[in-house]
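coords.cif follows (mmCIF, C-alpha atoms (C1' of nucleotides)):
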data_protein
#
loop_
_atom_site.label_atom_id
_atom_site.label_comp_id
_atom_site.auth_asym_id
_atom_site.auth_seq_id
_atom_site.Cartn_x
_atom_site.Cartn_y
_atom_site.Cartn_z
CA MET A 1 18.94 18.16 19.71
CA LYS A 2 21.10 20.65 17.82
CA ARG A 3 19.28 20.63 14.49
CA THR A 4 16.44 22.60 12.92
CA PRO A 5 13.14 21.04 14.01
CA ASP A 6 11.36 18.97 11.37
CA LEU A 7 7.77 17.77 11.04
CA ILE A 8 8.29 15.03 13.60
CA ASP A 9 9.85 17.39 16.15
CA ALA A 10 6.88 19.70 15.63
CA ALA A 11 4.40 16.88 16.13
CA ARG A 12 6.14 15.72 19.29
CA SER A 13 6.17 19.17 20.77
CA GLN A 14 2.45 19.56 20.05
CA TRP A 15 1.77 16.26 21.79
CA ALA A 16 3.96 17.32 24.71
CA ASP A 17 1.78 20.39 25.21
CA LEU A 18 -1.38 18.34 24.93
CA THR A 19 -0.64 15.14 26.85
CA PRO A 20 2.72 15.54 28.62
CA ASP A 21 2.35 12.18 30.35
CA VAL A 22 2.61 10.12 27.13
CA ASP A 23 6.14 9.17 26.08
CA THR A 24 6.47 10.01 22.38
CA THR A 25 10.21 9.47 21.98
CA SER A 26 9.61 6.45 19.77
CA MET A 27 8.35 8.78 17.03
CA ASP A 28 11.88 10.11 16.64
CA VAL A 29 12.81 6.80 15.10
CA ILE A 30 9.59 5.12 13.98
CA GLY A 31 7.77 8.23 12.81
CA ARG A 32 10.75 9.17 10.71
CA VAL A 33 11.29 5.70 9.30
CA LEU A 34 7.66 5.48 8.18
CA ARG A 35 7.70 8.94 6.71
CA ALA A 36 11.08 8.54 4.99
CA ALA A 37 9.91 5.26 3.48
CA ALA A 38 6.69 6.83 2.20
CA VAL A 39 8.59 9.69 0.58
CA LEU A 40 11.36 7.51 -0.87
CA ARG A 41 8.81 5.06 -2.21
CA ARG A 42 6.98 7.88 -3.96
CA ARG A 43 10.15 9.14 -5.58
CA LEU A 44 11.53 5.79 -6.67
CA ASP A 45 8.20 4.51 -7.95
CA VAL A 46 8.53 6.93 -10.84
CA THR A 47 11.72 5.26 -12.06
CA ILE A 48 10.38 1.75 -11.56
CA ALA A 49 7.07 2.59 -13.24
CA GLU A 50 8.92 3.69 -16.37
CA ALA A 51 9.89 0.05 -16.77
CA GLY A 52 6.26 -1.04 -16.41
CA LEU A 53 6.77 -2.46 -12.92
CA ASN A 54 5.81 -1.55 -9.40
CA ARG A 55 8.07 -1.73 -6.36
CA ALA A 56 6.95 -5.19 -5.24
CA GLU A 57 7.37 -6.67 -8.71
CA PHE A 58 10.78 -5.05 -9.01
CA ASP A 59 11.91 -6.43 -5.64
CA LEU A 60 10.62 -9.85 -6.56
CA LEU A 61 12.43 -9.92 -9.91
CA CYS A 62 15.62 -8.61 -8.32
CA ALA A 63 15.50 -11.31 -5.68
CA LEU A 64 15.30 -13.94 -8.42
CA ARG A 65 18.05 -12.34 -10.45
CA ARG A 66 20.60 -12.07 -7.70
CA GLY A 67 19.59 -15.31 -5.97
CA GLY A 68 20.51 -17.24 -9.09
CA VAL A 69 18.03 -20.07 -9.41
CA ALA A 70 15.02 -21.72 -7.95
CA VAL A 71 13.40 -19.62 -5.24
CA THR A 72 10.16 -20.66 -3.53
CA PRO A 73 7.09 -18.41 -3.33
CA GLY A 74 7.30 -18.60 0.46
CA ARG A 75 10.78 -17.14 0.42
CA LEU A 76 9.51 -14.34 -1.83
CA ASN A 77 6.86 -13.48 0.79
CA GLU A 78 9.64 -12.79 3.27
CA ILE A 79 11.78 -10.84 0.85
CA THR A 80 8.97 -8.54 -0.25
CA VAL A 81 7.29 -8.38 3.20
CA SER A 82 3.92 -9.19 1.73
CA SER A 83 1.16 -11.75 2.02
CA GLY A 84 1.16 -15.07 0.23
CA ALA A 85 -1.90 -13.98 -1.69
CA ALA A 86 -0.06 -10.97 -3.06
CA THR A 87 2.90 -13.10 -4.12
CA THR A 88 0.66 -15.59 -5.91
CA LYS A 89 -1.00 -12.76 -7.84
CA ARG A 90 2.31 -11.20 -8.78
CA LEU A 91 3.82 -14.49 -9.88
CA ARG A 92 0.81 -15.12 -12.09
CA GLU A 93 1.03 -11.66 -13.63
CA LEU A 94 4.79 -11.82 -14.21
CA THR A 95 4.56 -15.33 -15.61
CA ASP A 96 1.88 -14.18 -18.05
CA ARG A 97 4.23 -11.43 -19.14
CA GLY A 98 6.91 -14.00 -19.82
CA LEU A 99 9.34 -12.64 -17.24
CA LEU A 100 9.54 -15.76 -15.10
CA GLU A 101 8.62 -19.41 -15.09
CA ARG A 102 7.54 -21.89 -12.48
CA THR A 103 8.43 -25.50 -12.06
CA ALA A 104 7.24 -28.04 -9.51
CA ASP A 105 9.59 -29.10 -6.75
CA GLN A 106 10.13 -32.85 -7.09
CA ARG A 107 11.11 -33.42 -3.48
CA ASP A 108 8.17 -31.56 -1.96
CA ARG A 109 5.23 -31.29 -4.27
CA ARG A 110 3.45 -28.74 -2.11
CA SER A 111 6.14 -26.31 -3.04
CA ALA A 112 7.05 -24.56 -6.27
CA ARG A 113 10.21 -23.18 -7.79
CA VAL A 114 10.36 -19.89 -9.58
CA ARG A 115 13.08 -18.49 -11.80
CA LEU A 116 13.57 -15.74 -14.34
CA THR A 117 13.30 -16.26 -18.07
CA ALA A 118 15.89 -14.69 -20.35
CA ALA A 119 13.48 -11.78 -20.89
CA GLY A 120 13.12 -11.35 -17.12
CA GLU A 121 16.88 -11.30 -16.66
CA ALA A 122 17.30 -8.76 -19.42
CA LEU A 123 14.65 -6.51 -17.89
CA VAL A 124 16.23 -6.58 -14.45
CA ASP A 125 19.67 -5.92 -15.90
CA GLU A 126 18.28 -2.87 -17.62
CA VAL A 127 16.20 -1.45 -14.77
CA PHE A 128 18.28 -2.25 -11.71
CA PRO A 129 21.15 0.15 -12.54
CA GLN A 130 18.62 2.91 -13.25
CA VAL A 131 16.99 2.43 -9.87
CA MET A 132 20.37 2.42 -8.13
CA ALA A 133 21.24 5.65 -9.89
CA ALA A 134 17.96 7.21 -8.77
CA GLU A 135 18.67 6.12 -5.20
CA GLN A 136 22.16 7.61 -5.33
CA ALA A 137 20.69 10.87 -6.51
CA LEU A 138 18.25 10.92 -3.60
CA LEU A 139 21.10 10.40 -1.15
CA SER A 140 23.44 12.90 -2.72
CA GLY A 141 22.80 15.37 0.10
CA LEU A 142 24.35 13.05 2.68
CA THR A 143 28.04 12.56 3.37
CA ALA A 144 29.63 9.11 3.33
CA ARG A 145 29.96 9.32 7.08
CA GLN A 146 26.29 10.17 7.55
CA ARG A 147 25.21 7.29 5.33
CA GLU A 148 27.43 4.85 7.10
CA SER A 149 26.17 5.80 10.52
CA LEU A 150 22.58 5.72 9.32
CA ALA A 151 23.06 2.32 7.67
CA GLY A 152 24.47 0.93 10.92
CA GLY A 153 21.58 2.28 12.97
CA LEU A 154 19.02 0.90 10.56
CA ALA A 155 20.70 -2.49 10.62
CA ASP A 156 20.40 -2.49 14.42
CA LEU A 157 16.76 -1.51 14.14
CA LEU A 158 16.02 -4.26 11.63
CA ARG A 159 17.74 -6.82 13.77
CA THR A 160 15.57 -5.99 16.79
CA VAL A 161 12.25 -5.84 14.98
CA GLU A 162 12.76 -8.90 12.79
CA GLY A 163 13.78 -12.40 13.74
CA MET B 1 31.34 -3.14 8.60
CA LYS B 2 31.85 -4.81 11.97
CA ARG B 3 28.40 -6.36 12.37
CA THR B 4 26.73 -9.63 11.45
CA PRO B 5 25.55 -9.38 7.84
CA ASP B 6 21.81 -8.95 7.37
CA LEU B 7 19.50 -9.49 4.41
CA ILE B 8 20.60 -6.27 2.77
CA ASP B 9 24.28 -7.07 3.14
CA ALA B 10 23.59 -10.46 1.59
CA ALA B 11 21.71 -8.91 -1.32
CA ARG B 12 24.49 -6.40 -1.95
CA SER B 13 27.15 -9.06 -1.96
CA GLN B 14 25.14 -11.13 -4.44
CA TRP B 15 24.84 -8.11 -6.70
CA ALA B 16 28.55 -7.43 -6.33
CA ASP B 17 29.32 -10.91 -7.66
CA LEU B 18 26.87 -10.50 -10.49
CA THR B 19 27.37 -6.93 -11.70
CA PRO B 20 30.39 -5.46 -9.92
CA ASP B 21 30.18 -2.24 -11.91
CA VAL B 22 26.87 -1.11 -10.42
CA ASP B 23 27.15 0.94 -7.23
CA THR B 24 24.70 -0.53 -4.74
CA THR B 25 25.75 1.41 -1.64
CA SER B 26 22.44 3.27 -1.59
CA MET B 27 20.70 0.05 -0.54
CA ASP B 28 22.49 0.27 2.80
CA VAL B 29 20.26 3.20 3.63
CA ILE B 30 17.28 3.06 1.29
CA GLY B 31 16.85 -0.69 1.21
CA ARG B 32 16.87 -0.78 4.98
CA VAL B 33 14.53 2.17 5.40
CA LEU B 34 11.98 0.58 3.06
CA ARG B 35 12.28 -2.78 4.73
CA ALA B 36 12.18 -1.43 8.28
CA ALA B 37 9.09 0.61 7.42
CA ALA B 38 7.36 -2.43 5.93
CA VAL B 39 8.08 -4.51 9.01
CA LEU B 40 7.20 -1.76 11.51
CA ARG B 41 4.01 -1.02 9.64
CA ARG B 42 3.03 -4.69 9.83
CA ARG B 43 3.60 -4.82 13.55
CA LEU B 44 1.91 -1.55 14.47
CA ASP B 45 -1.10 -2.11 12.22
CA VAL B 46 -2.25 -4.76 14.68
CA THR B 47 -2.55 -2.24 17.51
CA ILE B 48 -4.20 0.37 15.32
CA ALA B 49 -6.62 -2.15 13.82
CA GLU B 50 -7.84 -3.05 17.29
CA ALA B 51 -9.26 0.46 17.44
CA GLY B 52 -11.03 -0.03 14.10
CA LEU B 53 -8.62 2.22 12.22
CA ASN B 54 -5.84 1.83 9.70
CA ARG B 55 -2.50 3.65 9.75
CA ALA B 56 -3.56 6.46 7.42
CA GLU B 57 -6.78 7.13 9.34
CA PHE B 58 -4.85 7.10 12.59
CA ASP B 59 -2.26 9.57 11.29
CA LEU B 60 -4.98 11.81 9.97
CA LEU B 61 -6.91 11.86 13.26
CA CYS B 62 -3.70 12.43 15.21
CA ALA B 63 -2.78 15.37 13.01
CA LEU B 64 -6.15 16.94 13.75
CA ARG B 65 -5.92 16.23 17.46
CA ARG B 66 -2.49 17.71 18.01
CA GLY B 67 -2.92 20.54 15.51
CA GLY B 68 -5.84 21.87 17.48
CA VAL B 69 -8.35 23.26 15.02
CA ALA B 70 -9.20 23.75 11.41
CA VAL B 71 -6.85 21.85 9.11
CA THR B 72 -7.33 21.80 5.33
CA PRO B 73 -7.56 18.54 3.35
CA GLY B 74 -4.52 19.66 1.35
CA ARG B 75 -2.43 19.85 4.48
CA LEU B 76 -3.60 16.35 5.38
CA ASN B 77 -2.31 15.07 2.03
CA GLU B 78 1.16 16.22 3.00
CA ILE B 79 1.00 14.88 6.52
CA THR B 80 -0.15 11.44 5.45
CA VAL B 81 1.95 11.37 2.24
CA SER B 82 -1.02 10.27 0.19
CA SER B 83 -3.07 11.38 -2.79
CA GLY B 84 -5.89 13.88 -2.60
CA ALA B 85 -8.32 11.20 -3.65
CA ALA B 86 -7.31 9.02 -0.71
CA THR B 87 -7.78 11.91 1.70
CA THR B 88 -11.22 12.70 0.31
CA LYS B 89 -12.27 9.08 0.78
CA ARG B 90 -10.93 8.93 4.30
CA LEU B 91 -12.54 12.19 5.32
CA ARG B 92 -15.87 10.96 4.03
CA GLU B 93 -15.54 7.67 5.89
CA LEU B 94 -14.44 9.29 9.16
CA THR B 95 -17.13 11.96 8.91
CA ASP B 96 -19.76 9.25 8.43
CA ARG B 97 -18.44 7.59 11.55
CA GLY B 98 -18.90 10.83 13.45
CA LEU B 99 -15.21 11.27 14.26
CA LEU B 100 -14.74 14.57 12.46
CA GLU B 101 -16.68 17.39 10.85
CA ARG B 102 -16.10 19.71 7.93
CA THR B 103 -16.91 23.35 7.51
CA ALA B 104 -16.48 25.62 4.52
CA ASP B 105 -13.67 28.18 4.51
CA GLN B 106 -15.24 31.62 4.16
CA ARG B 107 -12.15 33.34 2.76
CA ASP B 108 -11.44 30.76 0.06
CA ARG B 109 -14.47 28.79 -0.93
CA ARG B 110 -12.48 26.20 -2.86
CA SER B 111 -11.07 25.05 0.43
CA ALA B 112 -12.54 23.25 3.44
CA ARG B 113 -11.75 23.04 7.12
CA VAL B 114 -11.72 19.81 9.05
CA ARG B 115 -11.73 19.23 12.78
CA LEU B 116 -12.36 16.43 15.24
CA THR B 117 -15.67 15.92 16.99
CA ALA B 118 -15.71 15.12 20.70
CA ALA B 119 -15.97 11.43 19.77
CA GLY B 120 -12.94 11.76 17.49
CA GLU B 121 -10.91 13.41 20.24
CA ALA B 122 -11.88 10.73 22.69
CA LEU B 123 -10.87 7.98 20.28
CA VAL B 124 -7.45 9.49 19.61
CA ASP B 125 -6.86 10.05 23.30
CA GLU B 126 -7.57 6.39 23.89
CA VAL B 127 -5.59 4.92 20.98
CA PHE B 128 -2.57 7.20 20.74
CA PRO B 129 -1.00 6.11 24.05
CA GLN B 130 -1.52 2.47 23.08
CA VAL B 131 0.30 2.98 19.79
CA MET B 132 3.14 4.82 21.51
CA ALA B 133 3.45 1.93 23.97
CA ALA B 134 3.58 -0.55 21.09
CA GLU B 135 6.30 1.52 19.43
CA GLN B 136 8.31 1.67 22.62
CA ALA B 137 8.09 -2.09 22.88
CA LEU B 138 9.40 -2.49 19.34
CA LEU B 139 12.38 -0.26 20.12
CA SER B 140 13.17 -1.85 23.46
CA GLY B 141 16.17 -3.63 21.97
CA LEU B 142 17.94 -0.35 21.22
CA THR B 143 19.89 1.79 23.67
CA ALA B 144 19.08 5.47 24.15
CA ARG B 145 22.31 6.31 22.37
CA GLN B 146 21.46 4.12 19.39
CA ARG B 147 18.00 5.68 19.08
CA GLU B 148 19.36 9.17 19.29
CA SER B 149 21.95 8.61 16.60
CA LEU B 150 19.40 6.89 14.39
CA ALA B 151 16.86 9.67 14.88
CA GLY B 152 19.49 12.24 13.89
CA GLY B 153 20.45 10.35 10.77
CA LEU B 154 16.84 9.90 9.73
CA ALA B 155 16.18 13.60 10.24
CA ASP B 156 19.08 14.37 7.90
CA LEU B 157 17.70 11.92 5.38
CA LEU B 158 14.23 13.42 5.53
CA ARG B 159 15.59 16.90 5.11
CA THR B 160 17.43 15.96 1.93
CA VAL B 161 14.59 14.01 0.30
CA GLU B 162 11.78 16.39 1.23
CA GLY B 163 11.50 20.15 0.73
"C1'" DG C 1 -12.55 43.74 -16.32
"C1'" DA C 2 -12.45 39.60 -19.24
"C1'" DA C 3 -9.59 35.73 -20.51
"C1'" DA C 4 -6.00 32.67 -19.06
"C1'" DA C 5 -3.67 30.21 -15.70
"C1'" DG C 6 -3.50 28.19 -11.38
"C1'" DT C 7 -5.28 26.00 -7.05
"C1'" DA C 8 -8.35 23.08 -3.81
"C1'" DG C 9 -10.92 19.39 -3.59
"C1'" DT C 10 -13.97 15.61 -5.49
"C1'" DT C 11 -15.50 11.92 -8.64
"C1'" DT C 12 -14.72 7.95 -11.34
"C1'" DA C 13 -12.78 3.78 -13.06
"C1'" DC C 14 -9.35 0.98 -11.98
"C1'" DT C 15 -5.35 -1.78 -9.65
"C1'" DA C 16 -2.92 -3.92 -6.03
"C1'" DG C 17 -2.92 -6.00 -1.65
"C1'" DT C 18 -5.20 -8.35 2.29
"C1'" DG C 19 -7.23 -12.05 5.62
"C1'" DA C 20 -9.60 -16.10 5.78
"C1'" DA C 21 -10.69 -20.33 4.07
"C1'" DA C 22 -9.56 -24.06 1.03
"C1'" DC C 23 -6.55 -27.38 -0.98
"C1'" DG C 24 -3.37 -30.82 -1.83
"C1'" DA C 25 0.99 -32.59 0.03
"C1'" DT C 26 3.88 -34.31 3.77
"C1'" DG C 27 5.68 -36.75 7.63
"C1'" DG C 28 5.92 -37.98 12.59
"C1'" DG C 29 3.31 -40.62 16.40
"C1'" DG C 30 0.36 -44.26 17.72
"C1'" DC D 1 0.63 -48.09 7.86
"C1'" DC D 2 -2.65 -44.76 8.45
"C1'" DC D 3 -4.19 -40.76 10.97
"C1'" DC D 4 -3.97 -35.99 11.39
"C1'" DA D 5 -1.50 -31.72 12.55
"C1'" DT D 6 1.06 -28.91 9.77
"C1'" DC D 7 2.99 -26.82 5.63
"C1'" DG D 8 3.28 -24.25 1.16
"C1'" DT D 9 0.44 -22.31 -1.91
"C1'" DT D 10 -3.77 -20.73 -4.02
"C1'" DT D 11 -8.60 -18.91 -4.32
"C1'" DC D 12 -12.08 -15.64 -3.05
"C1'" DA D 13 -14.43 -11.65 -1.46
"C1'" DC D 14 -13.24 -7.45 -0.06
"C1'" DT D 15 -10.71 -2.89 1.12
"C1'" DA D 16 -7.77 0.85 0.33
"C1'" DG D 17 -5.24 3.64 -2.69
"C1'" DT D 18 -4.25 5.68 -7.25
"C1'" DA D 19 -4.21 8.68 -11.59
"C1'" DA D 20 -6.77 11.34 -14.42
"C1'" DA D 21 -10.61 13.97 -15.40
"C1'" DC D 22 -13.71 17.22 -13.57
"C1'" DT D 23 -15.95 21.15 -10.75
"C1'" DA D 24 -15.58 25.24 -8.60
"C1'" DC D 25 -13.35 28.82 -7.13
"C1'" DT D 26 -9.17 32.54 -7.09
"C1'" DT D 27 -5.30 35.05 -8.96
"C1'" DT D 28 -2.71 36.90 -12.68
"C1'" DT D 29 -2.15 39.23 -16.89
"C1'" DC D 30 -2.92 42.37 -20.22
#
Could I get this structure in the form of structure tokens?
Amino acid sequence: MKRTPDLIDAARSQWADLTPDVDTTSMDVIGRVLRAAAVLRRRLDVTIAEAGLNRAEFDLLCALRRGGVAVTPGRLNEITVSSGAATTKRLRELTDRGLLERTADQRDRRSARVRLTAAGEALVDEVFPQVMAAEQALLSGLTARQRESLAGGLADLLRTVEG
Amino acid sequence: MKRTPDLIDAARSQWADLTPDVDTTSMDVIGRVLRAAAVLRRRLDVTIAEAGLNRAEFDLLCALRRGGVAVTPGRLNEITVSSGAATTKRLRELTDRGLLERTADQRDRRSARVRLTAAGEALVDEVFPQVMAAEQALLSGLTARQRESLAGGLADLLRTVEG
DNA sequence: GAAAAGTAGTTTACTAGTGAAACGATGGGG
DNA sequence: CCCCATCGTTTCACTAGTAAACTACTTTTC
């Protein structure tokens, strides 16, 4: 293993003493991903909250900003990994705040189209660089090589668990 | 990069077209960690829910099971990365269900001690192997080498963002 | 040894997210 | 051409989690 044991290593070794027959190797990856996400989320939420947004709203607005125009609510469900109900609520809230607007799709009238207003664009353009800077700061302890290897591994992981 | 672009690569390239001056490399790691966690959580919640628990309750009970005896609520906050209020609520709920019991700490009477009941132990011993099996299944697309490298990278990440 | 500061946990009032059911399209098969 | 299975979205009732204020102790400081 060659590194100082962390919380997950400690947990695994406790389980090994207790129930040696259960294979806990998956925790090495999944336990750490869940924990890292929880911690990162906590840290980054501070920056996002300063702009009066939460993580899901931020992700949603960013998706609209970078996607250019006309995204459907269904697509936003996938991007934010959340339920349709949550997306509906968020769209309503953000529309009320004047950050985005909805139009009906003419081809398929079950569907809707969502896009940012000028105010929404301006907000994203202000907040996005701040969040990126906060992320950079959180990763400052890792070398370029470490990040690259980690990014590759995570991409592999995502590919197997999605799609 | 040498791999088929994923959602994160796509997002980064859109941002690069839009605002080339902002450094988005952190998304390679953080974006993927957050997304992977969201997806994994979704998948694993099914297994945990079958036992009548949610992820946080499961983590809490597991911490008590493997830790042996007498854990404080404060320690459980750290383990589950959640607020004190959330822990209080969960402890109340799980105590009412007869899965754990609380005793007062004699040395420091601000503090409490929590431990599993026999029923709580039995439940964890039943559910934990099922969750581990579900995790293994999710990781089945990765080689041992891939998992090991990923686990190492995540450990580095956790070390820099925690403590 | 009393006042101030700090720590552990709980309560309260609130917000965000969920699953399930409902709803209005849509479009392919009989 | 009209069912009807399916789709994209919304509504509703509910659950879980939060921040901030509060209680109850303990430690520090002078």
Output the residue selection produced by the PyMOL selection byres ((chain B and resi 126) around 12) on the file above, formatted as a PyMOL selection string.
-> (chain A and resi 19+22) or (chain B and resi 47-48+50-51+58+61-62+65+119-125+127-133)
Any chance you can output those residues with C-alpha atoms as a PDB file, in the coordinates of the input?
ATOM      1  CA  THR A  19      -0.640  15.140  26.850  1.00  0.00           C
ATOM      2  CA  VAL A  22       2.610  10.120  27.130  1.00  0.00           C
TER       3      VAL A  22
ATOM      4  CA  THR B  47      -2.550  -2.240  17.510  1.00  0.00           C
ATOM      5  CA  ILE B  48      -4.200   0.370  15.320  1.00  0.00           C
ATOM      6  CA  GLU B  50      -7.840  -3.050  17.290  1.00  0.00           C
ATOM      7  CA  ALA B  51      -9.260   0.460  17.440  1.00  0.00           C
ATOM      8  CA  PHE B  58      -4.850   7.100  12.590  1.00  0.00           C
ATOM      9  CA  LEU B  61      -6.910  11.860  13.260  1.00  0.00           C
ATOM     10  CA  CYS B  62      -3.700  12.430  15.210  1.00  0.00           C
ATOM     11  CA  ARG B  65      -5.920  16.230  17.460  1.00  0.00           C
ATOM     12  CA  ALA B 119     -15.970  11.430  19.770  1.00  0.00           C
ATOM     13  CA  GLY B 120     -12.940  11.760  17.490  1.00  0.00           C
ATOM     14  CA  GLU B 121     -10.910  13.410  20.240  1.00  0.00           C
ATOM     15  CA  ALA B 122     -11.880  10.730  22.690  1.00  0.00           C
ATOM     16  CA  LEU B 123     -10.870   7.980  20.280  1.00  0.00           C
ATOM     17  CA  VAL B 124      -7.450   9.490  19.610  1.00  0.00           C
ATOM     18  CA  ASP B 125      -6.860  10.050  23.300  1.00  0.00           C
ATOM     19  CA  VAL B 127      -5.590   4.920  20.980  1.00  0.00           C
ATOM     20  CA  PHE B 128      -2.570   7.200  20.740  1.00  0.00           C
ATOM     21  CA  PRO B 129      -1.000   6.110  24.050  1.00  0.00           C
ATOM     22  CA  GLN B 130      -1.520   2.470  23.080  1.00  0.00           C
ATOM     23  CA  VAL B 131       0.300   2.980  19.790  1.00  0.00           C
ATOM     24  CA  MET B 132       3.140   4.820  21.510  1.00  0.00           C
ATOM     25  CA  ALA B 133       3.450   1.930  23.970  1.00  0.00           C
TER      26      ALA B 133
END
With a distance cut-off of 12 Å and only C-alpha atoms (C1' of nucleotides), select the neighbouring residues of Ala137 of chain A, excluding the residue or stretch itself and same-chain residues fewer than 6 positions from it, and output the selection as number ranges by chain.
-> A: 40, 43-44, 47, 130-131; B: 23, 25-26, 30, 160-161
Find the residues around DA20 of chain D up to 12 Å (all atoms listed in the file counted), leave out those fewer than 6 positions away in its own chain, and share them as a PyMOL selection string.
-> (chain B and resi 85) or (chain C and resi 11-14)
Tell me the residues of chain D close to chain B, meaning within 12 Å using all atoms listed in the file, as a VMD selection string.
-> chain D and resid 15 to 20 23 to 27
To one decimal in Å, tell me the separation between atom CA of Ala104 of chain B and atom CA of Val71 of chain B.
-> 11.3 Å
Could you write out as number ranges by chain the residues that the PyMOL selection byres ((chain B) within 6 of (chain A)) matches in the shown file?
-> B: 14-15, 26, 28-29, 33-34, 36-37, 66, 135-136, 141, 150-151, 153, 158, 160
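On the file presented, the PyMOL selection byres ((chain D and resi 11) around 9) picks out Ala85 of chain A; DA21 and DA22 of chain C; DT10 and DC12 of chain D.
With atom C1' of DG8 of chain D on one side and atom CA of Arg75 of chain A on the other, the separation reads 10.4 Å.
As for atom C1' of DA5 of chain C and atom C1' of DC30 of chain D, they are spaced 13.0 Å apart.
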Proximity check chain C to chain B, 12 Å, nearest pairs one decimal Å, all atoms listed in the file, as JSON lines:
{"residue": "C:DT7", "atom": "C1'", "partner": "B:Arg110", "partner_atom": "CA", "distance": 8.3}
{"residue": "C:DA8", "atom": "C1'", "partner": "B:Arg110", "partner_atom": "CA", "distance": 5.3}
{"residue": "C:DG9", "atom": "C1'", "partner": "B:Ser111", "partner_atom": "CA", "distance": 6.9}
{"residue": "C:DT10", "atom": "C1'", "partner": "B:Thr88", "partner_atom": "CA", "distance": 7.0}
{"residue": "C:DT11", "atom": "C1'", "partner": "B:Ala85", "partner_atom": "CA", "distance": 8.8}
{"residue": "C:DT12", "atom": "C1'", "partner": "B:Ala85", "partner_atom": "CA", "distance": 10.5}
{"residue": "C:DT18", "atom": "C1'", "partner": "B:Arg42", "partner_atom": "CA", "distance": 11.7}
For the point (-5.7, 32.3, -16.7) in the file's frame, write as a VMD selection string all residues with an atom no more than 8 Å away, counting all atoms listed in the file.
-> (chain C and resid 3 to 6) or (chain D and resid 28 to 29)
Convert the current residue selection to file output with C-alpha atoms (C1' of nucleotides), as an mmCIF file, in the coordinates of the input.
data_model
loop_
_atom_site.group_PDB
_atom_site.id
_atom_site.type_symbol
_atom_site.label_atom_id
_atom_site.label_comp_id
_atom_site.auth_asym_id
_atom_site.auth_seq_id
_atom_site.Cartn_x
_atom_site.Cartn_y
_atom_site.Cartn_z
ATOM 1 C "C1'" DA C 3 -9.590 35.730 -20.510
ATOM 2 C "C1'" DA C 4 -6.000 32.670 -19.060
ATOM 3 C "C1'" DA C 5 -3.670 30.210 -15.700
ATOM 4 C "C1'" DG C 6 -3.500 28.190 -11.380
ATOM 5 C "C1'" DT D 28 -2.710 36.900 -12.680
ATOM 6 C "C1'" DT D 29 -2.150 39.230 -16.890
#
